[in-house]
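Structure below is target_11.txt: compact mmCIF, C-alpha atoms.
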# COMPACT_ATOMS: atom_id res chain seq x y z
CA MET L 39 134.16 70.75 119.67
CA SER L 40 132.29 71.84 116.59
CA THR L 41 133.66 71.95 113.06
CA VAL L 42 132.47 75.44 112.43
CA SER L 43 134.54 77.01 115.22
CA ARG L 44 137.74 76.46 113.29
CA LEU L 45 136.53 77.91 109.97
CA PRO L 46 136.83 81.57 108.96
CA ARG L 47 133.66 83.13 107.63
CA LEU L 48 134.66 83.84 104.03
CA ILE L 49 132.50 85.07 101.17
CA VAL L 50 132.30 83.08 97.94
CA TRP L 51 132.35 85.78 95.27
CA THR L 52 130.76 85.01 91.91
CA ALA L 53 134.13 85.02 90.16
CA ALA L 54 135.42 82.32 92.47
CA VAL L 55 132.45 80.10 91.66
CA LEU L 56 132.99 80.57 87.93
CA VAL L 57 136.67 79.66 87.90
CA TRP L 58 136.66 76.73 90.32
CA SER L 59 137.04 73.30 88.75
CA GLY L 60 138.31 69.83 89.56
CA THR L 61 135.56 68.61 91.88
CA ALA L 62 132.85 66.00 91.59
CA ALA L 63 130.27 68.53 92.75
CA PRO L 64 128.58 70.68 90.05
CA LEU L 65 129.55 74.35 89.96
CA GLY L 66 127.22 76.63 91.86
CA ALA L 67 125.44 73.76 93.61
CA GLN L 68 126.89 74.69 96.99
CA MET L 69 127.50 77.97 98.80
CA ALA L 70 129.63 79.13 101.68
CA THR L 71 127.76 79.63 104.93
CA ALA L 72 128.69 83.33 104.96
CA ASP L 73 126.75 83.76 101.70
CA ARG L 74 123.79 81.86 103.06
CA LEU L 75 123.65 84.14 106.09
CA GLU L 76 123.52 87.21 103.84
CA ALA L 77 120.57 85.84 101.84
CA PRO L 78 116.92 86.48 102.78
CA GLY L 79 115.08 84.08 105.05
CA TRP L 80 116.20 81.93 107.94
CA TRP L 81 119.44 79.94 108.10
CA PRO L 82 121.14 78.30 111.10
CA THR L 83 123.30 80.75 113.11
CA LYS L 84 121.59 83.76 111.52
CA ARG L 85 121.64 86.78 113.81
CA THR L 86 118.99 89.12 112.43
CA ARG L 87 115.94 88.24 114.52
CA PRO L 88 115.07 89.78 117.90
CA ARG L 89 115.66 87.66 121.00
CA ASP L 90 112.01 87.99 121.97
CA ASP L 91 111.04 86.10 118.79
CA TYR L 92 112.37 82.90 120.36
CA VAL L 93 109.77 81.03 122.42
CA GLY L 94 111.67 77.88 123.47
CA THR L 95 111.20 74.18 122.85
CA GLY L 96 108.24 73.84 125.20
CA ALA L 97 106.09 76.04 122.97
CA CYS L 98 106.97 73.92 119.92
CA LEU L 99 106.19 70.63 121.64
CA ARG L 100 102.65 71.72 122.50
CA CYS L 101 101.78 70.87 118.88
CA HIS L 102 104.76 68.78 117.81
CA ASP L 103 105.00 66.33 120.68
CA SER L 104 106.11 63.60 118.24
CA ARG L 105 109.39 65.50 117.94
CA ALA L 106 110.12 65.34 121.66
CA GLY L 107 112.88 62.82 120.95
CA GLN L 108 115.01 65.66 119.64
CA GLN L 109 115.75 66.62 123.23
CA ALA L 110 117.69 63.36 123.63
CA THR L 111 119.95 63.99 120.62
CA ALA L 112 123.59 65.01 120.88
CA MET L 113 122.66 68.27 119.15
CA ALA L 114 120.19 69.20 121.86
CA ARG L 115 122.78 68.30 124.50
CA THR L 116 125.77 69.91 122.80
CA SER L 117 125.91 72.64 125.42
CA ARG L 118 124.66 73.26 128.91
CA PRO L 119 125.77 75.16 131.99
CA ALA L 120 128.82 73.37 133.40
CA ALA L 121 127.06 72.96 136.74
CA GLU L 122 124.44 70.81 134.95
CA SER L 123 126.85 68.68 132.90
CA PRO L 124 126.16 64.96 133.46
CA VAL L 125 129.83 64.29 132.65
CA LEU L 126 131.01 66.48 135.53
CA LEU L 127 128.23 65.48 137.91
CA ALA L 128 129.16 61.82 137.48
CA ARG L 129 132.90 62.56 137.89
CA PRO L 130 133.30 65.06 140.74
CA ARG L 131 137.12 64.85 140.66
CA LEU L 132 138.98 64.85 137.34
CA ARG L 133 142.79 65.07 137.17
CA PHE L 134 145.38 65.35 134.40
CA HIS L 135 149.16 65.78 134.63
CA LEU L 136 151.78 66.84 132.12
CA GLY L 137 155.27 67.77 133.18
CA ARG L 138 155.10 70.13 136.10
CA HIS L 139 151.46 71.08 135.48
CA THR L 140 148.43 69.50 137.12
CA TYR L 141 144.95 70.16 135.74
CA SER L 142 141.84 69.42 137.80
CA ILE L 143 138.08 69.92 137.70
CA ASP L 144 136.24 69.60 141.01
CA SER L 145 132.45 69.58 140.96
CA ASP L 146 130.44 70.14 144.11
CA ALA L 147 127.67 72.32 145.53
CA GLY L 148 126.27 73.29 142.15
CA GLN L 149 129.50 74.42 140.52
CA SER L 150 132.58 73.05 138.77
CA VAL L 151 135.94 74.64 139.55
CA TYR L 152 138.81 74.30 137.09
CA THR L 153 142.32 74.59 138.59
CA VAL L 154 145.81 74.52 137.12
CA THR L 155 149.02 74.52 139.13
CA ASP L 156 152.72 74.20 138.39
CA GLY L 157 153.59 73.66 142.05
CA ALA L 158 154.52 77.29 142.58
CA GLN L 159 151.58 79.15 141.10
CA THR L 160 147.91 78.11 141.11
CA MET L 161 144.93 79.55 139.23
CA SER L 162 141.27 78.59 139.45
CA ALA L 163 138.06 79.55 137.65
CA THR L 164 134.44 78.49 137.92
CA LEU L 165 133.42 76.86 134.65
CA ALA L 166 130.44 78.47 132.94
CA TRP L 167 129.69 76.22 129.96
CA ALA L 168 130.26 72.64 128.85
CA PHE L 169 130.40 72.24 125.06
CA GLY L 170 129.83 68.76 123.63
CA ALA L 171 127.31 66.12 124.66
CA GLY L 172 130.11 64.03 126.19
CA ASN L 173 129.65 60.88 124.11
CA VAL L 174 132.85 61.87 122.28
CA GLY L 175 134.23 64.69 124.37
CA GLN L 176 133.43 67.87 126.25
CA THR L 177 135.26 71.21 126.36
CA TYR L 178 134.74 73.93 128.96
CA ILE L 179 134.29 77.70 128.76
CA PHE L 180 134.74 80.22 131.54
CA ASP L 181 134.76 83.98 131.89
CA ARG L 182 137.71 85.91 133.22
CA GLU L 183 137.53 89.70 133.47
CA GLY L 184 134.86 89.90 130.76
CA THR L 185 136.66 87.63 128.26
CA LEU L 186 135.55 84.08 127.50
CA HIS L 187 138.28 81.44 127.71
CA GLU L 188 138.45 77.90 126.33
CA SER L 189 139.90 75.31 128.71
CA ARG L 190 143.26 73.87 127.67
CA VAL L 191 141.99 70.38 128.58
CA SER L 192 138.78 68.52 127.71
CA TYR L 193 137.04 65.36 128.83
CA TYR L 194 137.10 62.32 126.48
CA ASP L 195 134.62 59.51 126.94
CA ALA L 196 136.73 56.81 125.24
CA VAL L 197 139.47 57.18 127.87
CA GLN L 198 137.21 58.41 130.68
CA ARG L 199 139.57 61.23 131.60
CA LEU L 200 140.91 64.66 130.76
CA ASP L 201 143.39 65.29 127.98
CA PHE L 202 144.37 68.29 125.92
CA THR L 203 141.68 70.02 123.90
CA PRO L 204 142.36 69.28 120.20
CA ASN L 205 145.19 71.44 118.82
CA ARG L 206 145.54 73.28 122.15
CA GLN L 207 148.50 71.50 123.74
CA ILE L 208 151.46 73.63 124.77
CA ASP L 209 154.42 71.63 126.04
CA GLU L 210 156.15 74.61 127.62
CA PRO L 211 153.58 77.29 128.49
CA ARG L 212 155.01 80.64 129.58
CA ASP L 213 152.98 80.70 132.77
CA VAL L 214 149.99 79.12 134.49
CA ILE L 215 147.62 81.51 132.72
CA GLU L 216 148.71 80.20 129.32
CA ALA L 217 148.73 76.62 130.58
CA MET L 218 145.17 76.97 131.82
CA ALA L 219 143.20 78.32 128.88
CA ARG L 220 143.07 80.25 125.64
CA PRO L 221 141.14 83.53 125.34
CA MET L 222 138.41 83.64 122.68
CA ASP L 223 137.90 86.78 120.65
CA ASP L 224 134.36 88.02 119.99
CA ALA L 225 134.09 86.52 116.48
CA GLU L 226 135.21 83.08 117.64
CA ALA L 227 132.90 83.15 120.65
CA ARG L 228 129.93 84.02 118.43
CA ARG L 229 130.75 81.16 116.05
CA CYS L 230 131.20 78.59 118.82
CA PHE L 231 128.10 79.59 120.75
CA GLY L 232 126.18 79.93 117.47
CA CYS L 233 126.61 76.22 116.76
CA HIS L 234 126.38 74.93 120.33
CA THR L 235 123.43 77.00 121.54
CA THR L 236 120.23 78.64 120.29
CA ALA L 237 119.66 82.43 120.26
CA SER L 238 123.06 83.37 121.65
CA THR L 239 123.49 86.06 118.97
CA THR L 240 120.41 88.00 117.87
CA ARG L 241 119.65 91.47 116.59
CA SER L 242 120.49 92.74 120.09
CA GLY L 243 124.01 91.26 119.95
CA PHE L 244 125.88 88.42 121.63
CA ASP L 245 124.32 87.45 124.97
CA THR L 246 125.16 84.32 126.97
CA ALA L 247 122.68 85.23 129.73
CA ARG L 248 119.52 84.70 127.64
CA LEU L 249 120.60 81.95 125.26
CA ILE L 250 118.89 78.54 125.02
CA PRO L 251 121.38 75.69 125.66
CA GLY L 252 121.87 73.20 122.84
CA VAL L 253 120.72 73.09 119.23
CA THR L 254 116.95 73.13 119.67
CA CYS L 255 113.92 73.49 117.38
CA GLU L 256 114.40 77.20 116.68
CA ALA L 257 118.08 76.84 115.84
CA CYS L 258 117.05 75.04 112.64
CA HIS L 259 113.46 76.12 111.99
CA GLY L 260 113.88 79.75 113.03
CA PRO L 261 112.32 81.77 115.87
CA GLY L 262 108.81 80.56 116.60
CA ARG L 263 106.92 83.50 118.11
CA ARG L 264 104.98 84.45 114.95
CA HIS L 265 104.29 80.80 114.10
CA VAL L 266 102.96 80.00 117.56
CA ALA L 267 100.79 83.13 117.56
CA ALA L 268 99.30 82.25 114.17
CA MET L 269 98.58 78.67 115.17
CA GLU L 270 97.04 79.67 118.47
CA GLY L 271 94.89 82.19 116.60
CA GLY L 272 93.70 79.47 114.24
CA ASP L 273 95.22 81.12 111.16
CA ARG L 274 96.95 78.18 109.46
CA ARG L 275 97.43 80.10 106.22
CA GLU L 276 99.32 82.85 108.04
CA SER L 277 101.40 80.27 109.93
CA ARG L 278 102.91 78.73 106.78
CA GLY L 279 105.29 81.57 106.10
CA THR L 280 106.38 82.06 109.69
CA ILE L 281 108.60 79.02 110.19
CA LEU L 282 111.15 77.19 108.03
CA ASN L 283 110.68 73.56 107.00
CA PRO L 284 114.09 72.30 105.73
CA SER L 285 112.45 69.16 104.33
CA ASP L 286 111.32 71.33 101.40
CA PHE L 287 114.94 71.91 100.30
CA ASP L 288 116.58 70.31 97.30
CA ALA L 289 119.60 68.07 97.93
CA ALA L 290 122.31 70.73 97.69
CA ASP L 291 120.48 73.21 99.93
CA SER L 292 119.68 70.47 102.44
CA VAL L 293 123.33 69.48 102.83
CA ASP L 294 124.44 73.11 102.98
CA PHE L 295 121.86 73.64 105.74
CA CYS L 296 123.59 71.08 107.97
CA GLY L 297 126.89 72.51 106.79
CA ALA L 298 126.12 75.79 108.54
CA CYS L 299 127.68 74.14 111.59
CA HIS L 300 129.34 71.07 110.09
CA ALA L 301 131.07 73.10 107.30
CA THR L 302 129.82 73.22 103.72
CA PHE L 303 131.75 72.22 100.61
CA TRP L 304 132.82 75.85 100.03
CA ASP L 305 133.55 76.53 103.71
CA VAL L 306 136.19 73.79 103.59
CA ARG L 307 137.58 74.81 100.18
CA LEU L 308 137.99 78.43 101.18
CA ALA L 309 139.54 77.50 104.52
CA ASN L 310 141.98 75.28 102.55
CA GLU L 311 141.41 72.40 104.94
CA ARG L 312 142.80 69.05 103.91
CA GLY L 313 143.30 65.55 105.25
CA LEU L 314 141.76 64.75 108.62
CA ALA L 315 140.60 68.33 109.11
CA ALA L 316 138.46 68.07 105.97
CA LEU L 317 137.30 64.58 106.97
CA ARG L 318 135.45 66.07 109.93
CA SER L 319 133.20 68.04 107.55
CA GLN L 320 130.59 65.46 106.62
CA PRO L 321 128.85 67.75 104.06
CA PHE L 322 132.14 68.42 102.25
CA ARG L 323 133.07 64.75 102.09
CA LEU L 324 129.58 63.70 101.01
CA GLN L 325 129.44 66.25 98.20
CA SER L 326 132.94 65.26 97.09
CA SER L 327 131.75 61.70 96.50
CA ALA L 328 131.50 60.57 92.86
CA CYS L 329 127.95 59.37 93.49
CA TRP L 330 126.84 62.86 94.55
CA GLY L 331 126.56 63.95 90.90
CA GLU L 332 124.07 66.80 90.73
CA GLY L 333 122.57 65.82 94.05
CA ASP L 334 119.85 63.38 95.03
CA ASP L 335 117.40 63.53 97.94
CA ARG L 336 118.44 59.98 98.83
CA LEU L 337 121.99 61.17 99.47
CA THR L 338 121.58 64.02 101.94
CA CYS L 339 122.43 64.21 105.64
CA VAL L 340 118.80 63.84 106.71
CA ALA L 341 118.21 60.89 104.37
CA CYS L 342 120.30 58.83 106.80
CA HIS L 343 120.18 60.83 110.04
CA ASP L 344 116.90 61.95 111.58
CA PRO L 345 117.77 65.18 113.44
CA HIS L 346 114.86 64.54 115.78
CA ARG L 347 116.25 61.21 117.03
CA PRO L 348 119.55 60.15 118.63
CA LEU L 349 122.29 59.14 116.22
CA VAL L 350 122.35 55.46 115.26
CA ARG L 351 125.97 54.25 115.55
CA ASP L 352 125.58 50.77 114.02
CA SER L 353 126.86 51.25 110.44
CA THR L 354 124.82 48.30 109.13
CA ALA L 355 121.64 50.25 109.94
CA TYR L 356 122.46 52.56 107.02
CA ASP L 357 122.82 49.85 104.39
CA ARG L 358 119.16 50.13 103.47
CA ASN L 359 119.82 53.74 102.46
CA CYS L 360 122.58 52.59 100.11
CA LEU L 361 120.25 50.00 98.60
CA SER L 362 117.68 52.67 97.77
CA CYS L 363 120.08 53.74 94.98
CA HIS L 364 122.04 50.55 94.34
CA VAL L 365 120.45 47.49 92.76
CA ALA L 366 120.70 44.07 94.31
CA SER L 367 123.19 41.52 93.08
CA GLY L 368 122.21 40.11 89.67
CA SER L 369 119.99 43.09 88.78
CA SER L 370 120.57 45.77 86.16
CA THR L 371 120.66 49.46 87.00
CA THR L 372 117.66 51.65 86.23
CA ALA L 373 117.03 55.38 85.93
CA SER L 374 115.71 55.49 89.48
CA ARG L 375 118.35 53.11 90.86
CA PRO L 376 121.57 53.96 89.00
CA GLY L 377 123.92 52.39 91.53
CA ARG L 378 125.54 49.13 90.50
CA ALA L 379 125.38 46.04 92.66
CA CYS L 380 128.31 45.35 94.95
CA PRO L 381 130.49 42.70 93.28
CA THR L 382 131.40 41.16 96.65
CA GLY L 383 127.79 40.44 97.55
CA LYS L 384 128.44 41.53 101.13
CA ALA L 385 125.73 43.33 103.09
CA ALA L 386 128.03 45.83 104.72
CA CYS L 387 127.84 48.87 102.45
CA ALA L 388 128.59 51.69 104.87
CA GLY L 389 131.21 49.75 106.81
CA CYS L 390 133.25 49.16 103.63
CA HIS L 391 132.66 52.33 101.64
CA MET L 392 132.60 54.82 104.53
CA PRO L 393 135.46 53.69 106.79
CA LYS L 394 136.27 55.19 110.17
CA TYR L 395 139.53 56.98 110.98
CA ASP L 396 141.22 58.02 114.19
CA VAL L 397 141.60 61.77 114.52
CA PRO L 398 144.73 62.58 116.56
CA GLY L 399 143.95 64.03 119.94
CA MET L 400 140.23 63.19 119.78
CA HIS L 401 140.30 59.61 121.14
CA PHE L 402 137.57 58.73 118.65
CA ARG L 403 137.12 57.10 115.24
CA PHE L 404 135.13 59.34 112.91
CA THR L 405 133.19 58.05 109.90
CA ASP L 406 134.49 59.33 106.58
CA HIS L 407 131.49 60.45 104.51
CA LEU L 408 133.45 60.33 101.23
CA ILE L 409 131.63 57.36 99.67
CA ARG L 410 134.06 55.40 97.54
CA VAL L 411 135.74 52.09 96.81
CA VAL L 412 138.46 52.09 99.45
CA GLU L 413 141.76 50.87 98.07
CA PRO L 414 143.59 48.41 100.34
CA ASP L 415 146.86 49.54 101.89
CA PRO L 416 149.89 48.54 99.74
Starting from the coordinates I provided, produce the structure as structure tokens.
Amino acid sequence: MSTVSRLPRLIVWTAAVLVWSGTAAPLGAQMATADRLEAPGWWPTKRTRPRDDYVGTGACLRCHDSRAGQQATAMARTSRPAAESPVLLARPRLRFHLGRHTYSIDSDAGQSVYTVTDGAQTMSATLAWAFGAGNVGQTYIFDREGTLHESRVSYYDAVQRLDFTPNRQIDEPRDVIEAMARPMDDAEARRCFGCHTTASTTRSGFDTARLIPGVTCEACHGPGRRHVAAMEGGDRRESRGTILNPSDFDAADSVDFCGACHATFWDVRLANERGLAALRSQPFRLQSSACWGEGDDRLTCVACHDPHRPLVRDSTAYDRNCLSCHVASGSSTTASRPGRACPTGKAACAGCHMPKYDVPGMHFRFTDHLIRVVEPDP
């Protein structure tokens, strides 16, 4: 259920950057992910390194054990073999009905079998992959005759049951095959696996047999073989250029970095996404905020969300981040704290200025990262 899977990989040509106007973000401050992937150096979902350059999380944690908490994040758990999905293991029989069709997932003996029937015809497939940590939802992938298929139904935690995968409902499918799933072409499969797994596409091509489940250390910092070898050899100087540290980025690059999977400002513009579809791109909404200006390190994704720790869902926990830019009531703004004080005096910054909205079909309220004064409904 990633944002990136629904975006085409389009190139932002120089002319397009020069003529675009009408946005709060400064021209040229952001790039499309396709451009980032063509540039030198590492970037999430890049495919140019050999598979053997990836050493796995265990090798990283030998030195960086303080980052072990990353394994508990939704990113690290955003994919796994379906047979290992805690959602399915805890719910061995899932059922969903619509019209004459019945959808079921039965998990037992180390496998999960997905079945669809219309009463006359029945089709089954063993699920291969579960995408999504399950705290919002989880979608399933299986292989049929060498083609990957996306399940027509997904699990949603808020309702504790199956329902249609977002934008995949068909009220009158032509047959059980169409009712069951949707085939994924090679480009879509690469995009989806690229943002739900590590090392699924490398210089050798697309390979689901040798991938690393979830978004792990090397998905963001790059393959670690050379870095580990340099550190084990005691050559710290050599090690510095062998791994990427995104904390060195400026604000715009930092937000674009997360946008490789969550959709950058230009990814959304070029895909012409609007409304709730654009709302699900946190980088786009953040950089569309009036307070973004030319960018500030206090207003990036990682300023509020530590990618090495589970997401904090209490919105009041983020108010301290707002107050690093905004002055307290009764104080005047300064060069380092240009944000005015809230006239209401309430200590609920994020809850008021970053409201949550229901996304149809998702059974979940998503936070809108467009920071603004929200006008009351008329």
Mind listing whatever residues come within 9 Å of the point (131.6, 65.9, 97.1)? Use all atoms listed in the file, file coordinates, and give them as a VMD selection string. chain L and resid 61 to 63 303 321 to 331 408 to 409
Using the file's own x, y and z axes, what box holds all listed atoms of stretch 361-379 of chain L with 5 Å on each side, keeping edges along x, y and z, and what are its centre and edge lengths in Å to one decimal, as lines of an AutoDock Vina configuration file?
center_x = 120.6
center_y = 47.8
center_z = 92.3
size_x = 19.8
size_y = 25.4
size_z = 22.7
I'd like a table as CSV: residues in stretch 133-168 of chain L with an atom no more than 10 Å from stretch 115-122 of chain L, each row giving the shortest atom pair and its distance in Å to one decimal, all atoms listed in the file counted, sorted by chain and rising residue number.
residue,atom,partner,partner_atom,distance
L:Ser145,CA,L:Ala121,CA,7.6
L:Asp146,CA,L:Ala121,CA,8.6
L:Ala147,CA,L:Ala121,CA,8.8
L:Gly148,CA,L:Ala121,CA,5.5
L:Gln149,CA,L:Ala121,CA,4.7
L:Ser150,CA,L:Ala121,CA,5.9
L:Val151,CA,L:Ala121,CA,9.5
L:Thr164,CA,L:Ala120,CA,8.8
L:Leu165,CA,L:Ala120,CA,5.9
L:Ala166,CA,L:Ala120,CA,5.4
L:Trp167,CA,L:Pro119,CA,4.5
L:Ala168,CA,L:Ala120,CA,4.8
Neighbouring residues of L:Ala112 were defined as those with any atom within 9 Å, considering only C-alpha atoms; residues of the same chain fewer than 5 positions away were excluded. Please report them as a list in words. Gly170, Ala171, Gly172, Asn173, Gly252, Val253, Pro348 and Leu349 of chain L
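Computed from the coordinates, the atom CA of L:Arg278 to atom CA of L:His265 distance equals 7.7 Å.
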Expressed in Å to a single decimal, how great is the separation between atom CA of L:Leu249 and atom CA of L:Glu276?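 Going from atom CA of L:Leu249 over to atom CA of L:Glu276 covers 27.4 Å.
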Interatomic distance, atom CA of L:Ala379 to atom CA of L:Ser362 (Å, one decimal): 11.4 Å
Around the point (119.1, 59.6, 107.9) in the file's coordinates, collect all residues with an atom within 12 Å, using only C-alpha atoms, and return them as a ChimeraX atom specification. /L:293,335-351,353,355-360
For each of L:Gln198, L:Arg318, L:Glu188, L:Asp291, take the minimum atom-to-atom distance to L:Arg403, counting all atoms listed in the file, then give the residue where this is smallest.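 Comparing L:Gln198, L:Arg318, L:Glu188, L:Asp291 against L:Arg403, the winner is L:Arg318.
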Nearest candidate to L:Gly262 (options L:Met69, L:Leu361, L:Ala217, L:Leu282; using all atoms listed in the file):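 Using all atoms listed in the file, the shortest distance to L:Gly262 belongs to L:Leu282.
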List the neighbours of L:Asp396 out to 10 Å using only C-alpha atoms; skip same-chain residues closer than 5 positions along the sequence, and give me the result as a list in words. Leu314, His401, Phe402, Arg403, Phe404 and Thr405 of chain L
Using all atoms listed in the file, what does the table of stretch 79-173 of chain L residues within 9 Å of stretch 225-246 of chain L look like, with each row giving the shortest atom pair and its distance in Å to one decimal, sorted by chain and ascending number, as CSV?
residue,atom,partner,partner_atom,distance
L:Pro82,CA,L:Cys233,CA,8.1
L:Thr83,CA,L:Gly232,CA,5.3
L:Lys84,CA,L:Thr240,CA,7.7
L:Arg85,CA,L:Thr240,CA,4.4
L:Thr86,CA,L:Arg241,CA,4.8
L:Arg87,CA,L:Arg241,CA,5.3
L:Pro88,CA,L:Arg241,CA,5.1
L:Arg89,CA,L:Thr240,CA,5.7
L:Tyr92,CA,L:Ala237,CA,7.3
L:Met113,CA,L:His234,CA,7.7
L:Ala114,CA,L:Thr235,CA,8.5
L:Arg115,CA,L:His234,CA,8.6
L:Thr116,CA,L:His234,CA,5.6
L:Ser117,CA,L:His234,CA,5.6
L:Arg118,CA,L:Thr235,CA,8.4
L:Phe169,CA,L:His234,CA,6.8
L:Gly170,CA,L:His234,CA,7.8
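Distances here use all atoms listed in the file; by that measure, the residue among L:Arg105, L:Arg199, L:Pro261, L:Met222 closest to L:Ala128 is L:Arg199.
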Between L:Ser369, L:Thr140, L:Asn283, L:Thr254, smallest distance to L:Ala158 by all atoms listed in the file belongs to L:Thr140
When distances are computed from all atoms listed in the file, which of L:His391, L:Arg274, L:Arg74, L:Arg182 shows the smallest separation from L:Pro414? L:His391
